[in-house]
>>> print(open('my_file_27.tsv').read())   # TSV, C-alpha atoms and all ligand atoms
chain	number	residue	atom	x	y	z
A	10	MET	CA	82.73	133.22	147.13
A	11	SER	CA	81.66	134.16	143.63
A	12	LEU	CA	81.41	137.74	142.44
A	13	PRO	CA	78.18	139.18	141.04
A	14	VAL	CA	78.40	139.25	137.26
A	15	GLU	CA	77.65	143.02	137.07
A	16	HIS	CA	80.91	143.50	138.94
A	17	VAL	CA	83.03	143.57	135.84
A	18	ALA	CA	84.13	147.02	134.90
A	19	THR	CA	87.31	146.32	136.75
A	20	THR	CA	89.77	143.44	136.57
A	21	LEU	CA	89.13	140.33	138.66
A	22	PRO	CA	90.33	139.86	142.25
A	23	ALA	CA	93.74	138.22	142.69
A	24	ARG	CA	92.36	134.85	143.70
A	25	TYR	CA	91.21	134.22	140.13
A	26	TYR	CA	94.90	134.11	139.23
A	27	THR	CA	96.50	132.74	142.37
A	28	ASP	CA	94.13	130.30	144.10
A	29	SER	CA	94.99	126.67	143.28
A	30	GLU	CA	91.56	125.40	144.29
A	31	LEU	CA	89.81	127.87	142.05
A	32	PHE	CA	92.25	126.88	139.28
A	33	LYS	CA	91.20	123.23	139.65
A	34	ASP	CA	87.53	124.21	139.43
A	35	GLU	CA	88.27	126.20	136.29
A	36	LEU	CA	90.06	123.25	134.70
A	37	GLU	CA	86.98	121.19	135.33
A	38	ARG	CA	84.67	123.89	134.02
A	39	PHE	CA	86.59	125.01	130.98
A	40	TYR	CA	88.86	122.12	130.02
A	41	CYS	CA	86.90	119.02	130.98
A	42	ARG	CA	83.39	120.07	130.02
A	43	THR	CA	84.10	122.06	126.89
A	44	TRP	CA	85.43	121.14	123.47
A	45	ILE	CA	89.11	121.97	123.36
A	46	CYS	CA	91.40	122.09	120.36
A	47	VAL	CA	94.15	119.45	120.57
A	48	GLY	CA	95.81	119.56	117.15
A	49	ARG	CA	95.37	119.07	113.42
A	50	VAL	CA	94.16	116.10	111.39
A	51	GLU	CA	97.35	116.22	109.32
A	52	GLN	CA	99.30	115.13	112.42
A	53	ILE	CA	97.78	111.65	112.11
A	54	PRO	CA	97.25	110.93	108.40
A	55	ASN	CA	97.34	107.10	108.66
A	56	ALA	CA	95.62	104.42	110.72
A	57	GLY	CA	97.62	103.93	113.93
A	58	ASP	CA	99.32	107.35	113.88
A	59	TYR	CA	98.83	109.01	117.23
A	60	PHE	CA	99.78	111.88	119.49
A	61	LEU	CA	99.20	112.52	123.19
A	62	ARG	CA	97.76	115.61	124.83
A	63	GLU	CA	97.71	116.40	128.50
A	64	VAL	CA	94.36	117.99	129.30
A	65	ALA	CA	93.64	119.08	132.86
A	66	GLY	CA	96.09	116.48	134.20
A	67	GLU	CA	94.63	113.71	132.02
A	68	SER	CA	96.71	112.07	129.31
A	69	ILE	CA	94.65	111.60	126.15
A	70	ILE	CA	95.60	109.47	123.13
A	71	ILE	CA	94.41	110.87	119.80
A	72	THR	CA	94.66	108.35	116.97
A	73	ARG	CA	93.06	107.07	113.77
A	74	ASP	CA	91.45	103.63	113.49
A	75	ASP	CA	91.58	101.09	110.64
A	76	GLU	CA	88.55	102.72	109.01
A	77	GLY	CA	90.28	106.10	109.03
A	78	ALA	CA	88.04	107.50	111.80
A	79	LEU	CA	89.50	109.75	114.48
A	80	ARG	CA	89.51	108.22	117.94
A	81	ALA	CA	90.52	109.51	121.34
A	82	PHE	CA	90.97	107.57	124.55
A	83	PHE	CA	92.06	108.12	128.11
A	84	ASN	CA	95.63	106.81	128.31
A	85	VAL	CA	94.66	104.36	131.05
A	86	CYS	CA	94.79	100.57	130.84
A	87	ARG	CA	91.58	98.85	131.87
A	88	HIS	CA	93.54	96.09	133.66
A	89	ARG	CA	95.28	97.84	136.53
A	90	GLY	CA	95.10	101.41	135.35
A	91	THR	CA	98.62	101.86	134.02
A	92	ARG	CA	99.36	104.68	131.60
A	93	ILE	CA	99.73	102.79	128.35
A	94	CYS	CA	101.63	105.13	126.15
A	95	ALA	CA	104.48	107.41	127.25
A	96	GLN	CA	105.88	108.71	123.97
A	97	ALA	CA	104.37	112.03	122.88
A	98	GLU	CA	103.69	110.89	119.32
A	99	GLY	CA	104.25	107.90	117.10
A	100	HIS	CA	102.57	105.01	115.37
A	101	PHE	CA	100.69	101.99	116.76
A	102	ALA	CA	101.22	98.90	114.61
A	103	ARG	CA	97.50	98.07	114.31
A	104	ARG	CA	97.07	97.68	118.03
A	105	VAL	CA	97.77	99.40	121.32
A	106	GLN	CA	99.50	97.28	123.93
A	107	CYS	CA	99.96	98.06	127.61
A	108	GLY	CA	103.58	97.56	128.64
A	109	TYR	CA	102.70	96.07	132.02
A	110	HIS	CA	100.89	92.76	131.46
A	111	GLY	CA	100.24	92.99	127.78
A	112	TRP	CA	96.56	93.80	127.54
A	113	THR	CA	96.02	94.68	123.89
A	114	TYR	CA	93.46	96.98	122.33
A	115	GLY	CA	92.38	97.57	118.74
A	116	LEU	CA	92.69	101.05	117.26
A	117	ASP	CA	88.96	101.42	117.91
A	118	GLY	CA	89.61	100.87	121.63
A	119	ARG	CA	88.19	97.35	121.89
A	120	LEU	CA	90.08	94.97	124.17
A	121	ILE	CA	91.35	92.18	121.94
A	122	GLY	CA	93.86	90.41	124.17
A	123	ALA	CA	94.01	89.91	127.95
A	124	PRO	CA	96.38	87.08	128.91
A	125	HIS	CA	95.42	84.67	131.69
A	126	MET	CA	92.03	86.14	132.48
A	127	HIS	CA	89.52	83.76	134.00
A	128	GLU	CA	86.93	81.85	132.06
A	129	GLY	CA	83.84	83.90	131.44
A	130	PHE	CA	85.85	87.16	131.48
A	131	CYS	CA	84.04	89.52	129.15
A	132	ARG	CA	86.45	91.52	127.01
A	133	GLU	CA	83.64	93.67	125.65
A	134	GLU	CA	83.36	95.35	129.02
A	135	TYR	CA	86.97	96.47	129.12
A	136	GLY	CA	87.54	98.66	126.11
A	137	LEU	CA	89.60	101.83	126.48
A	138	ASN	CA	87.67	104.77	127.92
A	139	ARG	CA	86.53	106.82	125.01
A	140	VAL	CA	86.89	110.59	124.63
A	141	HIS	CA	84.60	112.39	122.17
A	142	THR	CA	86.25	113.93	119.11
A	143	GLY	CA	85.17	116.50	116.57
A	144	VAL	CA	86.78	118.26	113.62
A	145	TRP	CA	86.44	121.79	112.33
A	146	ASP	CA	88.25	122.54	109.09
A	147	GLY	CA	91.35	120.51	109.95
A	148	HIS	CA	91.40	121.27	113.69
A	149	ILE	CA	90.79	118.33	116.04
A	150	PHE	CA	88.75	118.93	119.17
A	151	VAL	CA	88.10	116.63	122.11
A	152	ASN	CA	85.58	116.79	124.92
A	153	LEU	CA	86.09	114.86	128.16
A	154	SER	CA	82.41	114.95	129.17
A	155	GLU	CA	80.45	111.74	128.88
A	156	GLN	CA	77.70	113.20	126.71
A	157	PRO	CA	78.75	116.55	125.32
A	158	ASP	CA	76.67	118.75	123.07
A	159	PRO	CA	77.92	118.57	119.49
A	160	LEU	CA	81.03	120.63	118.68
A	161	GLY	CA	78.96	122.68	116.20
A	162	ILE	CA	76.91	124.18	119.02
A	163	GLN	CA	80.00	125.48	120.76
A	164	LEU	CA	81.53	126.82	117.53
A	165	ALA	CA	78.28	128.62	116.64
A	166	ASP	CA	78.81	130.77	113.52
A	167	LEU	CA	82.62	130.49	113.43
A	168	PRO	CA	82.69	127.83	110.68
A	169	GLN	CA	80.71	130.11	108.32
A	170	LYS	CA	82.62	133.20	109.38
A	171	PHE	CA	85.99	131.64	108.53
A	172	ALA	CA	84.99	129.29	105.71
A	173	ASN	CA	86.95	131.42	103.21
A	174	TRP	CA	90.28	130.65	104.88
A	175	ARG	CA	89.73	126.97	104.00
A	176	MET	CA	91.81	125.89	106.95
A	177	ALA	CA	91.66	122.20	106.06
A	178	ASP	CA	93.88	123.01	103.06
A	179	LEU	CA	96.62	124.50	105.22
A	180	ARG	CA	99.71	122.64	106.35
A	181	LEU	CA	101.98	123.15	109.32
A	182	HIS	CA	105.18	125.03	108.59
A	183	GLN	CA	106.49	125.49	112.12
A	184	ARG	CA	105.56	124.86	115.72
A	185	ILE	CA	107.11	126.60	118.73
A	186	GLU	CA	106.25	125.66	122.30
A	187	TYR	CA	106.54	128.20	125.08
A	188	GLN	CA	106.36	127.87	128.86
A	189	VAL	CA	104.77	130.92	130.40
A	190	GLN	CA	104.80	131.67	134.13
A	191	ALA	CA	101.30	133.09	134.17
A	192	ASN	CA	97.72	132.01	134.72
A	193	TRP	CA	96.02	130.95	131.49
A	194	LYS	CA	93.39	133.67	131.75
A	195	LEU	CA	96.02	136.41	131.66
A	196	ILE	CA	97.23	135.06	128.33
A	197	MET	CA	93.63	135.07	127.12
A	198	LEU	CA	93.10	138.66	128.32
A	199	ASN	CA	96.29	139.84	126.69
A	200	TYR	CA	95.31	138.30	123.34
A	201	ASN	CA	91.98	140.08	123.41
A	202	GLU	CA	93.13	143.68	123.41
A	203	CYS	CA	95.51	145.77	121.39
A	204	LEU	CA	95.59	148.71	123.75
A	205	HIS	CA	99.01	147.39	124.73
A	206	CYS	CA	100.30	147.21	121.15
A	207	PRO	CA	101.89	150.69	120.80
A	208	VAL	CA	103.78	150.30	124.07
A	209	LEU	CA	104.68	146.63	123.94
A	210	HIS	CA	104.94	145.78	120.24
A	211	PRO	CA	106.64	148.54	118.22
A	212	ALA	CA	107.18	146.17	115.25
A	213	LEU	CA	103.53	145.11	115.20
A	214	SER	CA	102.29	148.65	115.57
A	215	ALA	CA	104.15	149.73	112.45
A	216	ILE	CA	102.07	147.25	110.43
A	217	THR	CA	98.56	147.49	111.89
A	218	ASP	CA	96.70	150.37	113.44
A	219	TYR	CA	95.60	149.36	116.92
A	220	LEU	CA	92.69	151.79	116.78
A	221	SER	CA	91.36	150.35	113.51
A	222	GLY	CA	89.87	147.48	115.49
A	223	ASP	CA	86.45	146.22	114.66
A	224	ASN	CA	85.25	143.83	117.38
A	225	ASP	CA	82.36	141.38	117.16
A	226	GLU	CA	79.73	141.47	119.86
A	227	PRO	CA	81.07	139.19	122.64
A	228	HIS	CA	79.81	135.63	122.21
A	229	GLY	CA	79.53	132.93	124.87
A	230	SER	CA	82.04	130.73	122.99
A	231	TYR	CA	84.46	133.21	121.49
A	232	LEU	CA	85.74	136.77	121.33
A	233	GLY	CA	87.30	138.42	118.36
A	234	GLY	CA	87.72	141.20	115.88
A	235	SER	CA	89.95	142.49	113.13
A	236	LEU	CA	92.68	145.07	112.58
A	237	GLU	CA	93.54	146.80	109.31
A	238	PHE	CA	96.98	146.98	107.78
A	239	GLN	CA	98.64	150.34	107.45
A	240	GLY	CA	101.60	151.92	105.64
A	241	GLY	CA	101.37	149.58	102.64
A	242	ALA	CA	101.76	146.42	104.74
A	243	GLU	CA	100.05	143.33	103.34
A	244	THR	CA	100.53	140.80	106.10
A	245	MET	CA	102.09	140.39	109.52
A	246	SER	CA	105.75	139.71	108.79
A	247	ILE	CA	109.07	141.27	109.69
A	248	ASP	CA	108.64	144.10	107.15
A	249	GLY	CA	104.91	143.86	106.36
A	250	LYS	CA	105.70	142.31	102.96
A	251	ARG	CA	103.63	139.37	101.79
A	252	ARG	CA	105.84	136.64	100.35
A	253	ARG	CA	103.03	134.21	99.49
A	254	GLU	CA	99.89	134.29	97.38
A	255	TYR	CA	96.73	135.32	99.14
A	256	LEU	CA	94.80	132.34	100.52
A	257	PRO	CA	92.62	131.37	97.56
A	258	GLY	CA	89.13	131.83	99.04
A	259	LEU	CA	89.46	135.33	100.49
A	260	THR	CA	87.44	138.37	99.41
A	261	ASP	CA	89.12	141.74	98.79
A	262	ALA	CA	87.94	142.99	102.16
A	263	GLU	CA	89.34	139.91	103.94
A	264	ARG	CA	92.73	140.45	102.28
A	265	LYS	CA	93.12	143.82	103.96
A	266	LYS	CA	92.84	142.72	107.58
A	267	VAL	CA	94.02	140.34	110.24
A	268	PHE	CA	91.31	138.60	112.24
A	269	TYR	CA	92.08	137.65	115.83
A	270	TYR	CA	89.68	135.21	117.49
A	271	ALA	CA	89.92	133.51	120.87
A	272	VAL	CA	87.80	130.36	120.86
A	273	PHE	CA	87.18	129.38	124.49
A	274	PRO	CA	88.91	127.98	126.30
A	275	ASN	CA	92.15	127.21	124.53
A	276	LEU	CA	92.41	128.20	120.86
A	277	PHE	CA	93.55	131.50	119.37
A	278	LEU	CA	93.05	131.82	115.63
A	279	SER	CA	94.99	134.60	113.94
A	280	MET	CA	93.77	134.71	110.37
A	281	HIS	CA	96.12	136.48	107.98
A	282	PRO	CA	95.64	137.08	104.25
A	283	ASP	CA	98.30	134.46	103.43
A	284	TYR	CA	98.51	132.18	106.48
A	285	VAL	CA	96.87	131.20	109.72
A	286	MET	CA	98.63	131.20	113.06
A	287	THR	CA	97.17	129.20	115.93
A	288	HIS	CA	97.95	129.20	119.62
A	289	THR	CA	96.66	126.54	121.99
A	290	LEU	CA	96.81	127.11	125.75
A	291	TRP	CA	97.64	124.31	128.16
A	292	PRO	CA	97.22	125.35	131.80
A	293	ARG	CA	99.67	123.36	133.95
A	294	ALA	CA	99.29	125.13	137.29
A	295	VAL	CA	97.57	128.22	138.60
A	296	ASP	CA	100.66	130.23	137.64
A	297	ARG	CA	101.96	128.27	134.66
A	298	THR	CA	100.68	127.73	131.12
A	299	ASP	CA	102.25	126.01	128.15
A	300	VAL	CA	101.46	127.63	124.83
A	301	VAL	CA	101.85	125.88	121.48
A	302	CYS	CA	102.10	128.27	118.53
A	303	GLU	CA	101.83	126.99	114.96
A	304	TRP	CA	102.12	128.65	111.56
A	305	HIS	CA	99.98	127.10	108.82
A	306	PHE	CA	100.36	127.93	105.13
A	307	HIS	CA	98.49	126.83	102.02
A	308	HIS	CA	99.78	123.45	100.86
A	309	GLU	CA	100.42	124.77	97.33
A	310	GLU	CA	102.59	127.57	98.68
A	311	ILE	CA	104.60	125.23	100.89
A	312	ALA	CA	105.21	122.97	97.86
A	313	LYS	CA	106.70	125.82	95.79
A	314	THR	CA	110.45	126.01	95.36
A	315	GLY	CA	111.62	129.06	97.20
A	316	PHE	CA	108.70	129.03	99.67
A	317	VAL	CA	109.41	131.33	102.59
A	318	GLY	CA	107.60	131.29	105.92
A	319	GLN	CA	110.29	132.49	108.31
A	320	ASP	CA	109.34	136.15	107.96
A	321	ALA	CA	105.98	135.35	109.58
A	322	VAL	CA	107.50	133.02	112.17
A	323	GLU	CA	110.19	135.50	113.23
A	324	PHE	CA	107.74	138.35	113.45
A	325	TRP	CA	105.30	136.47	115.65
A	326	ASP	CA	107.93	134.69	117.71
A	327	LEU	CA	109.22	138.12	118.73
A	328	THR	CA	105.68	139.36	119.43
A	329	ASN	CA	104.79	136.16	121.30
A	330	ARG	CA	107.77	136.58	123.59
A	331	GLU	CA	106.78	140.18	124.30
A	332	ASP	CA	103.27	138.98	125.17
A	333	TRP	CA	104.45	136.12	127.39
A	334	ARG	CA	106.87	138.39	129.23
A	335	ILE	CA	104.19	140.97	129.99
A	336	SER	CA	101.76	138.23	131.02
A	337	GLU	CA	104.38	136.96	133.46
A	338	LEU	CA	104.90	140.45	134.85
A	339	SER	CA	101.16	140.85	135.05
A	340	HIS	CA	100.89	137.61	137.01
A	341	ALA	CA	103.70	138.67	139.33
A	342	GLY	CA	102.06	142.02	140.08
A	343	ILE	CA	98.61	140.54	140.63
A	344	SER	CA	100.14	138.16	143.18
A	345	SER	CA	101.25	141.11	145.32
A	346	ARG	CA	99.33	142.07	148.45
A	347	ALA	CA	99.18	145.58	147.00
A	348	TYR	CA	97.08	144.46	144.02
A	349	LYS	CA	93.48	145.55	143.85
A	350	PRO	CA	91.21	145.17	140.82
A	351	GLY	CA	91.87	148.04	138.40
A	352	PRO	CA	89.55	149.82	135.97
A	353	TYR	CA	89.11	148.71	132.37
A	354	SER	CA	89.00	151.41	129.69
A	355	ARG	CA	86.52	151.49	126.84
A	356	CYS	CA	89.15	149.89	124.59
A	357	GLU	CA	89.17	146.86	126.85
A	358	GLY	CA	85.66	145.64	126.12
A	359	LEU	CA	86.79	142.16	125.12
A	360	PRO	CA	88.87	141.44	128.24
A	361	ALA	CA	85.98	142.69	130.34
A	362	ALA	CA	83.63	140.37	128.42
A	363	PHE	CA	85.99	137.45	129.04
A	364	ASP	CA	86.03	138.15	132.78
A	365	ARG	CA	82.25	138.36	132.73
A	366	MET	CA	82.07	134.97	131.03
A	367	VAL	CA	84.42	133.49	133.67
A	368	LEU	CA	82.12	134.78	136.41
A	369	GLU	CA	78.96	133.67	134.64
A	370	ARG	CA	80.17	130.11	134.26
A	371	GLU	CA	81.31	130.04	137.86
A	372	GLU	CA	77.91	131.27	138.96
A	373	LYS	CA	76.15	128.72	136.77
A	374	ASP	CA	78.14	125.90	138.39
A	375	ARG	CA	77.11	127.06	141.83
A	376	ARG	CA	73.43	126.94	141.01
B	1	LIG	S1	97.98	97.29	133.79
B	1	LIG	FE1	97.90	97.20	131.67
B	1	LIG	S2	98.12	95.14	131.23
B	1	LIG	FE2	98.13	95.19	133.37
B	2	FE	FE	100.32	141.51	122.36
>>> encode(input="my_file_27.tsv", output="structure tokens", more="lines below")
Ligand code: FES
Ligand SMILES: [Fe+2]
Amino acid sequence: MSLPVEHVATTLPARYYTDSELFKDELERFYCRTWICVGRVEQIPNAGDYFLREVAGESIIITRDDEGALRAFFNVCRHRGTRICAQAEGHFARRVQCGYHGWTYGLDGRLIGAPHMHEGFCREEYGLNRVHTGVWDGHIFVNLSEQPDPLGIQLADLPQKFANWRMADLRLHQRIEYQVQANWKLIMLNYNECLHCPVLHPALSAITDYLSGDNDEPHGSYLGGSLEFQGGAETMSIDGKRRREYLPGLTDAERKKVFYYAVFPNLFLSMHPDYVMTHTLWPRAVDRTDVVCEWHFHHEEIAKTGFVGQDAVEFWDLTNREDWRISELSHAGISSRAYKPGPYSRCEGLPAAFDRMVLEREEKDRR
């Protein structure tokens, strides 16, 4: 049973966090029919480089063909369906070969070898199943639908809004993967409010004022806003000190804030004056989500002798762990028979908007 959309001034009923069937529907709705962020173009600089992503139980190969174009395929052999590739990342030497009977595909997905097939067998009909790809400023997106709307429609005005961060010029400094025992939506809700910051994140609260928030009007594809630094802090780091140059395209106003944006359904962009942190969410079960956090710095900064990035990594790793822990406790409490939807305050406009969006999409699917 779906809730009326006007319902949301309170949190959602428990089943939105505990019901495995509803979770499967949500995977379909949010992860199979929407563009999701899978990684960065720098992960596969050369033809044949690849990495795998598990999306809603599907294994997807993301690679680059001989012409340098990005390609993504279902990791499923067209002979007898075997998963072709088991290693999380690596390099295909010009072709992709299934380890079962040796069917071989080009980097563009075409079937180029199929031993012992009968005369008249038409290879053209057995290419790898294609997955649509798109790129925004260095971030790779895929969409599992057969004919998705272009990525640009989903991203709306985000590319203009964040053009000054020039994210394509950033390079990965560190990646940390976390396993969180909580429903993916609780992680989303937690990211979208800072009401919890004074209680949960003393270190973070010393650097930014949680009441300085300036939120955008909720959008169907994203939620976000900014917080201002305080007490002389210049970035989010262990002591608020900025140990890198400002990112080169930023205005004075952009240098004074951190921008936090959740791009549905799986990307968090935390835009700092001197780096960008990303989180991607990977729901594994109704009560379990993997989160990949990455810290990206300007390539010229990373190349400098004496470059330091650990201050940002340590700061956010600590904050991440505080957020995951509270999301787990939140999940545990919501699973109790005593749980009833609770009231949102006026500072929780973004979480309420997210819940509304969840209900709206559910309702749309029922029509
Ligand atoms: S299943 Fe892949 S070659 Fe037979
Ligand atoms: Fe937090």
>>> residues_near_ligand(input="my_file_27.tsv", ligand="ligand FE 2 (chain B)", cutoff="7 Å", atoms="all atoms listed in the file", output="PyMOL selection string")
chain A and resi 199-200+203+205-206+209-210+328+331-332
>>> residues_near_ligand(input="my_file_27.tsv", ligand="ligand LIG 1 (chain B)", cutoff="12 Å", atoms="only C-alpha atoms and all ligand atoms", output="PyMOL selection string")
chain A and resi 84-94+105-114+120-126+135-137
>>> residues_around(input="my_file_27.tsv", residues="Met280 (chain A)", least_positions_apart="2", cutoff="7 Å", atoms="all atoms listed in the file", output="list in words")
Val267, Phe268, Tyr269, Leu278, Pro282, Tyr284, Val285 and Met286 of chain A
>>> write_last_selection(input="my_file_27.tsv", atoms="C-alpha atoms", output="short mmCIF file (atom, residue, chain, number, x, y, z; two decimals), keeping the file's coordinate frame")
data_model
loop_
_atom_site.label_atom_id
_atom_site.label_comp_id
_atom_site.auth_asym_id
_atom_site.auth_seq_id
_atom_site.Cartn_x
_atom_site.Cartn_y
_atom_site.Cartn_z
CA VAL A 267 94.02 140.34 110.24
CA PHE A 268 91.31 138.60 112.24
CA TYR A 269 92.08 137.65 115.83
CA LEU A 278 93.05 131.82 115.63
CA PRO A 282 95.64 137.08 104.25
CA TYR A 284 98.51 132.18 106.48
CA VAL A 285 96.87 131.20 109.72
CA MET A 286 98.63 131.20 113.06
#
>>> residues_around(input="my_file_27.tsv", residues="region 22-24 of chain A", least_positions_apart="4", cutoff="8 Å", atoms="all atoms listed in the file", output="NGL selection string")
:A and (28 or 31 or 343-344 or 348-350)
>>> write_last_selection(input="my_file_27.tsv", atoms="C-alpha atoms", output="tab-separated table (two decimals), keeping the file's coordinate frame")
chain	number	residue	atom	x	y	z
A	28	ASP	CA	94.13	130.30	144.10
A	31	LEU	CA	89.81	127.87	142.05
A	343	ILE	CA	98.61	140.54	140.63
A	344	SER	CA	100.14	138.16	143.18
A	348	TYR	CA	97.08	144.46	144.02
A	349	LYS	CA	93.48	145.55	143.85
A	350	PRO	CA	91.21	145.17	140.82
>>> residues_around(input="my_file_27.tsv", residues="region 303-309 of chain A", least_positions_apart="2", cutoff="6 Å", atoms="all atoms listed in the file", output="NGL selection string")
:A and (179-184 or 284-287 or 311-312)
>>> closest_residue(input="my_file_27.tsv", among="A:Ser214, A:Thr27, A:Asn329, A:Ser235", to="Ile185 (chain A)", atoms="all atoms listed in the file")
A:Asn329
>>> atom_distance(input="my_file_27.tsv", atom1="CA of Gln156 (chain A)", atom2="CA of Gly118 (chain A)")
17.9 Å
>>> residues_around(input="my_file_27.tsv", residues="Gly233 (chain A)", least_positions_apart="4", cutoff="9 Å", atoms="only C-alpha atoms", output="ChimeraX atom specification")
/A:201,223-228,268-272,359
>>> closest_residue(input="my_file_27.tsv", among="A:Asp178, A:Glu202, A:Asp34, A:Glu134", to="Glu310 (chain A)", atoms="all atoms listed in the file")
A:Asp178
>>> closest_residue(input="my_file_27.tsv", among="A:Phe316, A:Phe39, A:Tyr219, A:Tyr231", to="Arg370 (chain A)", atoms="all atoms listed in the file")
A:Phe39
>>> closest_residue(input="my_file_27.tsv", among="A:Arg42, A:Asp75, A:Asp374, A:Ile53", to="Asp158 (chain A)", atoms="only C-alpha atoms")
A:Arg42
>>> closest_residue(input="my_file_27.tsv", among="A:Leu232, A:Ala172, A:Asp320, A:Asp296", to="Phe277 (chain A)", atoms="only C-alpha atoms")
A:Leu232
>>> decode(input="my_file_27.tsv", residues="region 364-370 of chain A", atoms="all heavy atoms", output="CSV table (one decimal), in the first residue's frame")
chain,number,residue,atom,x,y,z
A,364,ASP,N,11.9,12.0,1.3
A,364,ASP,CA,10.8,11.0,1.5
A,364,ASP,C,9.7,11.2,0.5
A,364,ASP,O,9.1,10.3,0.0
A,364,ASP,CB,10.3,11.2,3.0
A,364,ASP,CG,11.3,10.6,4.0
A,364,ASP,OD1,12.3,10.0,3.6
A,364,ASP,OD2,11.0,10.8,5.2
A,365,ARG,N,9.3,12.5,0.3
A,365,ARG,CA,8.3,12.9,-0.6
A,365,ARG,C,8.6,12.3,-2.0
A,365,ARG,O,7.7,11.7,-2.6
A,365,ARG,CB,8.1,14.4,-0.6
A,365,ARG,CG,6.7,14.8,-0.7
A,365,ARG,CD,6.4,16.2,-0.2
A,365,ARG,NE,7.5,17.2,-0.6
A,365,ARG,CZ,8.1,17.9,0.3
A,365,ARG,NH1,7.8,17.9,1.6
A,365,ARG,NH2,9.0,18.8,-0.1
A,366,MET,N,9.8,12.5,-2.4
A,366,MET,CA,10.2,12.0,-3.7
A,366,MET,C,10.1,10.5,-3.8
A,366,MET,O,9.6,9.9,-4.8
A,366,MET,CB,11.7,12.4,-4.0
A,366,MET,CG,12.2,12.2,-5.4
A,366,MET,SD,12.9,10.6,-5.6
A,366,MET,CE,14.2,10.6,-4.4
A,367,VAL,N,10.5,9.8,-2.7
A,367,VAL,CA,10.4,8.3,-2.7
A,367,VAL,C,8.9,7.9,-2.9
A,367,VAL,O,8.6,7.0,-3.7
A,367,VAL,CB,10.9,7.8,-1.3
A,367,VAL,CG1,10.5,6.3,-1.1
A,367,VAL,CG2,12.4,8.0,-1.3
A,368,LEU,N,8.0,8.6,-2.2
A,368,LEU,CA,6.6,8.3,-2.3
A,368,LEU,C,6.0,8.6,-3.7
A,368,LEU,O,5.3,7.9,-4.2
A,368,LEU,CB,5.8,9.1,-1.2
A,368,LEU,CG,6.1,8.7,0.2
A,368,LEU,CD1,5.2,9.5,1.2
A,368,LEU,CD2,5.9,7.2,0.5
A,369,GLU,N,6.5,9.8,-4.2
A,369,GLU,CA,6.0,10.2,-5.5
A,369,GLU,C,6.4,9.2,-6.6
A,369,GLU,O,5.6,8.8,-7.4
A,369,GLU,CB,6.6,11.6,-5.9
A,369,GLU,CG,5.8,12.7,-5.3
A,369,GLU,CD,6.6,14.0,-5.4
A,369,GLU,OE1,7.7,14.1,-6.0
A,369,GLU,OE2,6.1,15.0,-4.9
A,370,ARG,N,7.6,8.7,-6.5
A,370,ARG,CA,8.0,7.8,-7.6
A,370,ARG,C,7.3,6.4,-7.4
A,370,ARG,O,7.0,5.8,-8.4
A,370,ARG,CB,9.5,7.6,-7.5
A,370,ARG,CG,10.2,8.8,-7.9
A,370,ARG,CD,11.5,8.6,-8.6
A,370,ARG,NE,12.3,9.8,-8.7
A,370,ARG,CZ,13.6,9.8,-9.0
A,370,ARG,NH1,14.2,8.7,-9.3
A,370,ARG,NH2,14.3,11.0,-9.1
